[in-house]
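Participant: Got a structure for you, written out below as structure tokens; questions coming shortly.
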Amino acid sequence: MSTAIELAGLSDTQRQIVELARDFARDRIEPRAAEWDRTAQLPRDILNELGALGFLGMVTPEADDGMGLDTLTYLLALEELAAADAALALTVGIQHAVQSGLLLPRGTVAQRERWLRPLARGEIVAGIALAEADAGSDAAAIRAQAVRQGDTWVLSGTKAWVTNGATADVVIVMARTAAARPEADGRGISTFIVPTDIAGYRPGERVDTMGMRASNTVSVTLDDVRPPPEHLLGEEGSGFAYAIEGLTASRLGTAIVAVGIARRAFEHAVAYCAERHQFGRALREFEAVQFKLADMATRLNAARALAHAAAVRRDRGEEITRQASMAKLFASEAAMWVTTQAVQLFGGYGYMRDFPVEKLFRDAKGTEILDGTSEMQRLVIARGLY
Ligand SMILES: Cc1cc2nc3c(=O)[nH]c(=O)nc-3n(C[C@H](O)[C@H](O)[C@H](O)COP(=O)(O)OP(=O)(O)OC[C@H]3O[C@@H](n4cnc5c(N)ncnc54)[C@H](O)[C@@H]3O)c2cc1C
């Protein structure tokens with residue numbers, strides 16, 4: 001049984017994109033992913049190659065130098081990349097969230113020209129700096145400040161866990177522009193486009209993460225960073241609402257990254273259970289093993305279906321905050337469960353670094369935390385019920 005994306009049901013464009021992503025993943029990502037994980041490095045050349053193929057600007061319109069694909073087609077391609085390496089796919093997901101969730105809906109013509117187009121062409125790489133050490137789930141409690149002084153803003157504070165914070169060219173930073181703690185809905189927070197070569201932008205040491213190790217996670221100190229006024233994104237004081245829009249786009253990407261992880265773990269498990277023999281039989285012949293594999297396939301297909309349904313709604317122009325949370329919640333928990341079963345089916349070998357499923361297990365855990373924990377997704381979903 002295969003749980004790969006079935007090409008038969010796709011449009012010509014979707015099929016071409018999936019095949020391109022699949023070939024690239026097989027030839028350029030898979031042979032190197034274990035080494036990136038070991039060395040905790042994501043070489044820039046792989047991002048340049050993805051950019052040259054258009055994979056860093058899939059949903060940005062062609063008029064803004066993107067591929068102009070719909071969200072569903074973007075998810076199809078991202079799953080192929082994620083099945084080969086989740087850390088790389090996470091970077092691709094953030095790149096798209098900055099474009100489709102922040103710069104496209106909120107950027108001025110000049111901001112689109114200066115930032116969106118090079119991002120879509122893959123010439124520059126983006127990050128998002130919302131969380132702080134004391135403000136993760138309660139992101140409205142951030143303390144980083146932005147004060148207007150004459151013809152410049154002055155940003156100060158410390159951001160935590162910024163993916164690509166040390167390697168990105170531009171980071172979208174949320175900072176408080178109102179003096180007191182903002183309202184519960186986050187009013188008083190503003191969003192800034194911060195080039196990382198600006199004076200006072202100081203990335204810390206790389207955090208030694210459990211999984212998705214090739215993506216570079218760092219704290220960032222903003223030490224008197226002075227972007228000009230045109231680096232404010234959208235309206236002053238509305239930045240928290242924009243962060244939610246960015247997170248919605250990002251959660252959809254993370255959902256499909258989780259699907260990619262689960263799919264690869266399942267594929268490894270299916271192959272292993274056919275070749276490994278105990279008690280004179282292949283593991284696949286034991287009914288208990290078959291039931292496990294059946295549940296793995298079912299959960300990962302359900303996760304993909306939920307993410308795709310949210311993408312289709314987004315492409316119809318509908319608001320999908322809750323749908324993105326549901327997709328991210330279900331897919332990340334499915335990935336954690338599926339990878340746990342895969343490690344179990346591999347037995348002792350599943351626990352060894354030389355075998356691929358332990359990396360997938362570690363990568364899966366990250367999807368339950370970043371972009372808001374599973375508990376926060378449940379809160380978002382529950383809030384929409386009444
Ligand atoms: C690999 C990785 C990459 C990341 N990349 C980025 C990035 O690029 N940019 C960025 O801004 N952030 C990033 N983050 C930060 C991430 O968004 C936060 O870690 C996450 O939102 C959780 O915040 P926290 O770690 O402060 O946990 P806390 O908020 O302290 O939560 C701790 C626990 O308490 C639970 N909890 C908290 N409040 C409630 C509640 N009201 N009800 C029930 N349970 C609750 C949480 O669910 C969690 O289980 C990244 C994190 C990781 C791990």
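Residue numbers start at 1 in each chain; chains themselves are named A, B, ... in the order of the structure tokens; ligands are numbered from 1 in the order shown.
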Give me the residues near Asp65 in chain A as a ChimeraX atom specification, where near means some atom within 7 Å (using only C-alpha atoms) and where sequence neighbours in that chain fewer than 2 positions away do not count.

Facilitator: /A:61-63,67,117,120-121

Participant: Selected residues, all heavy atoms, written as an mmCIF file, in the first residue's frame, please.

Facilitator:
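Listing of part.cif after writing:
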```cif
data_model
loop_
_atom_site.group_PDB
_atom_site.id
_atom_site.type_symbol
_atom_site.label_atom_id
_atom_site.label_comp_id
_atom_site.auth_asym_id
_atom_site.auth_seq_id
_atom_site.Cartn_x
_atom_site.Cartn_y
_atom_site.Cartn_z
ATOM 1 N N PRO A 61 1.788 35.841 -6.520
ATOM 2 C CA PRO A 61 1.381 35.963 -7.922
ATOM 3 C C PRO A 61 2.576 36.157 -8.864
ATOM 4 O O PRO A 61 3.615 36.679 -8.449
ATOM 5 C CB PRO A 61 0.505 37.229 -7.928
ATOM 6 C CG PRO A 61 0.106 37.450 -6.515
ATOM 7 C CD PRO A 61 1.166 36.854 -5.659
ATOM 8 N N GLU A 62 2.384 35.758 -10.110
ATOM 9 C CA GLU A 62 3.461 35.921 -11.091
ATOM 10 C C GLU A 62 3.844 37.381 -11.245
ATOM 11 O O GLU A 62 5.008 37.717 -11.484
ATOM 12 C CB GLU A 62 3.028 35.327 -12.432
ATOM 13 C CG GLU A 62 2.994 33.807 -12.403
ATOM 14 C CD GLU A 62 2.491 33.211 -13.705
ATOM 15 O OE1 GLU A 62 1.255 33.098 -13.860
ATOM 16 O OE2 GLU A 62 3.324 32.880 -14.550
ATOM 17 N N ALA A 63 2.853 38.287 -11.088
ATOM 18 C CA ALA A 63 3.128 39.725 -11.204
ATOM 19 C C ALA A 63 4.134 40.184 -10.146
ATOM 20 O O ALA A 63 4.806 41.201 -10.324
ATOM 21 C CB ALA A 63 1.827 40.511 -11.054
ATOM 22 N N MET A 67 5.314 32.012 -8.399
ATOM 23 C CA MET A 67 4.804 31.026 -9.357
ATOM 24 C C MET A 67 3.301 31.170 -9.584
ATOM 25 O O MET A 67 2.760 30.580 -10.522
ATOM 26 C CB MET A 67 5.075 29.608 -8.852
ATOM 27 C CG MET A 67 6.423 29.043 -9.225
ATOM 28 S SD MET A 67 6.562 27.409 -8.421
ATOM 29 C CE MET A 67 7.174 26.440 -9.752
ATOM 30 N N ARG A 117 9.168 40.591 -3.735
ATOM 31 C CA ARG A 117 9.683 40.044 -5.005
ATOM 32 C C ARG A 117 10.983 39.252 -4.840
ATOM 33 O O ARG A 117 11.083 38.121 -5.332
ATOM 34 C CB ARG A 117 9.863 41.178 -6.019
ATOM 35 C CG ARG A 117 8.537 41.657 -6.574
ATOM 36 C CD ARG A 117 8.721 42.928 -7.369
ATOM 37 N NE ARG A 117 7.533 43.181 -8.145
ATOM 38 C CZ ARG A 117 7.501 43.246 -9.473
ATOM 39 N NH1 ARG A 117 8.605 43.087 -10.167
ATOM 40 N NH2 ARG A 117 6.376 43.475 -10.093
ATOM 41 N N ALA A 120 10.101 35.969 -3.255
ATOM 42 C CA ALA A 120 9.435 35.055 -4.185
ATOM 43 C C ALA A 120 10.434 34.473 -5.190
ATOM 44 O O ALA A 120 10.312 33.320 -5.595
ATOM 45 C CB ALA A 120 8.309 35.791 -4.916
ATOM 46 N N ARG A 121 11.418 35.273 -5.565
ATOM 47 C CA ARG A 121 12.438 34.773 -6.507
ATOM 48 C C ARG A 121 13.442 33.865 -5.795
ATOM 49 O O ARG A 121 14.286 33.241 -6.428
ATOM 50 C CB ARG A 121 13.190 35.957 -7.134
ATOM 51 C CG ARG A 121 12.350 36.808 -8.092
ATOM 52 C CD ARG A 121 13.234 37.728 -8.941
ATOM 53 N NE ARG A 121 13.968 38.706 -8.170
ATOM 54 C CZ ARG A 121 13.560 39.946 -7.905
ATOM 55 N NH1 ARG A 121 12.395 40.368 -8.369
ATOM 56 N NH2 ARG A 121 14.300 40.764 -7.202
#
```

Participant: If you count only C-alpha atoms and all ligand atoms, which residues end up within 9 Å of ligand 1, as a PDB file with C-alpha atoms, in the first residue's frame?

Facilitator:
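result-v7.pdb, written as the output of this step:
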```pdb
ATOM      1  CA  ALA A  87      13.900  21.184   8.673  1.00  0.00           C
ATOM      2  CA  LEU A  90       9.988  24.297   7.744  1.00  0.00           C
ATOM      3  CA  THR A  91      12.198  27.000   6.242  1.00  0.00           C
ATOM      4  CA  ILE A  94       8.125  30.219   6.853  1.00  0.00           C
ATOM      5  CA  GLY A 127      12.145  34.610   9.355  1.00  0.00           C
ATOM      6  CA  ILE A 128       9.458  35.630  11.857  1.00  0.00           C
ATOM      7  CA  ALA A 129      10.286  36.911  15.359  1.00  0.00           C
ATOM      8  CA  LEU A 130       7.191  36.912  17.552  1.00  0.00           C
ATOM      9  CA  ALA A 131       7.931  34.713  20.607  1.00  0.00           C
ATOM     10  CA  GLU A 132       9.992  35.809  23.594  1.00  0.00           C
ATOM     11  CA  ALA A 133      11.350  33.833  26.548  1.00  0.00           C
ATOM     12  CA  ASP A 134       8.384  34.877  28.723  1.00  0.00           C
ATOM     13  CA  ALA A 135       5.805  35.195  25.944  1.00  0.00           C
ATOM     14  CA  GLY A 136       5.282  32.028  23.913  1.00  0.00           C
ATOM     15  CA  SER A 137       1.679  30.823  24.022  1.00  0.00           C
ATOM     16  CA  ASP A 138       0.693  34.202  25.481  1.00  0.00           C
ATOM     17  CA  ALA A 139       2.306  36.026  22.580  1.00  0.00           C
ATOM     18  CA  LYS A 159      13.210  37.470  20.728  1.00  0.00           C
ATOM     19  CA  ALA A 160      13.345  33.706  21.353  1.00  0.00           C
ATOM     20  CA  TRP A 161      13.562  30.694  19.011  1.00  0.00           C
ATOM     21  CA  VAL A 162      13.652  32.589  15.738  1.00  0.00           C
ATOM     22  CA  THR A 163      13.871  29.952  13.004  1.00  0.00           C
ATOM     23  CA  ASN A 164      16.592  31.085  10.580  1.00  0.00           C
ATOM     24  CA  GLY A 165      17.267  34.045  12.864  1.00  0.00           C
ATOM     25  CA  VAL A 173       9.525  41.431  14.015  1.00  0.00           C
ATOM     26  CA  MET A 174       6.543  42.041  16.310  1.00  0.00           C
ATOM     27  CA  THR A 209      17.237  21.443  19.314  1.00  0.00           C
ATOM     28  CA  MET A 210      15.864  17.887  19.530  1.00  0.00           C
ATOM     29  CA  GLY A 211      14.637  17.771  15.943  1.00  0.00           C
ATOM     30  CA  MET A 212      14.483  19.819  12.763  1.00  0.00           C
ATOM     31  CA  ARG A 213      18.083  20.412  13.649  1.00  0.00           C
ATOM     32  CA  SER A 215      16.880  24.766  10.717  1.00  0.00           C
ATOM     33  CA  ASN A 216      18.740  27.421  12.592  1.00  0.00           C
ATOM     34  CA  THR A 217      16.872  28.368  15.798  1.00  0.00           C
ATOM     35  CA  VAL A 218      18.320  31.295  17.748  1.00  0.00           C
ATOM     36  CA  ASP A 363      11.285  16.070  13.836  1.00  0.00           C
ATOM     37  CA  LYS A 365       7.743  16.500  18.050  1.00  0.00           C
ATOM     38  CA  GLY A 366       8.627  19.987  16.855  1.00  0.00           C
ATOM     39  CA  THR A 367       5.425  20.239  14.824  1.00  0.00           C
ATOM     40  CA  GLU A 368       3.369  19.893  18.028  1.00  0.00           C
ATOM     41  CA  ILE A 369       5.080  22.964  19.509  1.00  0.00           C
ATOM     42  CA  LEU A 370       6.096  25.527  16.889  1.00  0.00           C
ATOM     43  CA  ASP A 371       3.457  27.853  15.421  1.00  0.00           C
ATOM     44  CA  GLY A 372       1.586  27.458  18.718  1.00  0.00           C
ATOM     45  CA  THR A 373       1.334  24.284  20.782  1.00  0.00           C
ATOM     46  CA  SER A 374      -1.433  21.695  20.380  1.00  0.00           C
ATOM     47  CA  GLU A 375      -3.119  23.210  23.447  1.00  0.00           C
ATOM     48  CA  MET A 376      -3.200  26.645  21.770  1.00  0.00           C
ATOM     49  CA  GLN A 377      -4.708  25.124  18.618  1.00  0.00           C
ATOM     50  CA  ARG A 378      -7.437  23.550  20.782  1.00  0.00           C
ATOM     51  CA  LEU A 379      -8.109  26.952  22.345  1.00  0.00           C
TER      52      LEU A 379
END
```

Participant: I'd like to know which residues of range 80-258 of chain A are strand (DSSP E or B) (by DSSP, run on the backbone); could you write them as a ChimeraX atom specification?

Facilitator: /A:126-129,132,135,145-149,152-163,170-176,189-195,201-206,217-225,232-233,238

Participant: Neighbours of Leu345 in chain A within 8 Å (only C-alpha atoms; same-chain residues fewer than 6 positions away dropped), as a PyMOL selection string?

Facilitator: chain A and resi 269+273+289

Participant: Please identify which residues in range 52-146 of chain A DSSP calls helix (DSSP H, G or I) from the backbone, and express them as a VMD selection string.

Facilitator: chain A and resid 52 62 to 64 71 to 84 86 to 106 109 to 121 139 to 141

Participant: Taking 3 positions as the minimum chain separation for residues in the same chain, which residues sit within 12 Å of Ala342 in chain A when counting only C-alpha atoms? Answer as an NGL selection string.

Facilitator: :A and (261-273 or 289 or 292-293 or 295-297 or 335-339 or 345-351 or 355-361 or 364)

Participant: Measure the distance from CA of Leu7 in chain A to CA of Asp70 in chain A in Å and round it to one decimal.

Facilitator: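 That distance, rounded to one decimal, is 16.9 Å.
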
Participant: What's around Ala243 in chain A at 10 Å? Count only C-alpha atoms, leave out sequence neighbours fewer than 3 positions away in its own chain, and write the answer as a list in words.

Facilitator: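 The contact residues come out as Val98, Gly101, Leu102, Ile128, Ala129, Leu130, Ala139, Ala140, Ile172, Val173, Met174, Gly186, Ile189, Ser190, Thr191, Ser238, Gly239, Phe240, Gly246, Leu247, Thr248 and Ala249 of chain A.
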
Participant: Which one of A:Val343, A:Ala274, A:Ala97, A:Leu81 sits closest to Leu20 in chain A if you count only C-alpha atoms?

Facilitator: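 Ranking A:Val343, A:Ala274, A:Ala97, A:Leu81 by distance to Leu20 in chain A, first place goes to A:Leu81.
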
Participant: Which distance in Å separates CA of Ala294 in chain A and CA of Val312 in chain A, to one decimal?

Facilitator: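 Interatomic distance here is 26.9 Å.
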
Participant: Can you tell me how far CA of Thr73 in chain A sits from CA of Thr298 in chain A, in Å to one decimal?

Facilitator: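 It comes out at 22.0 Å.
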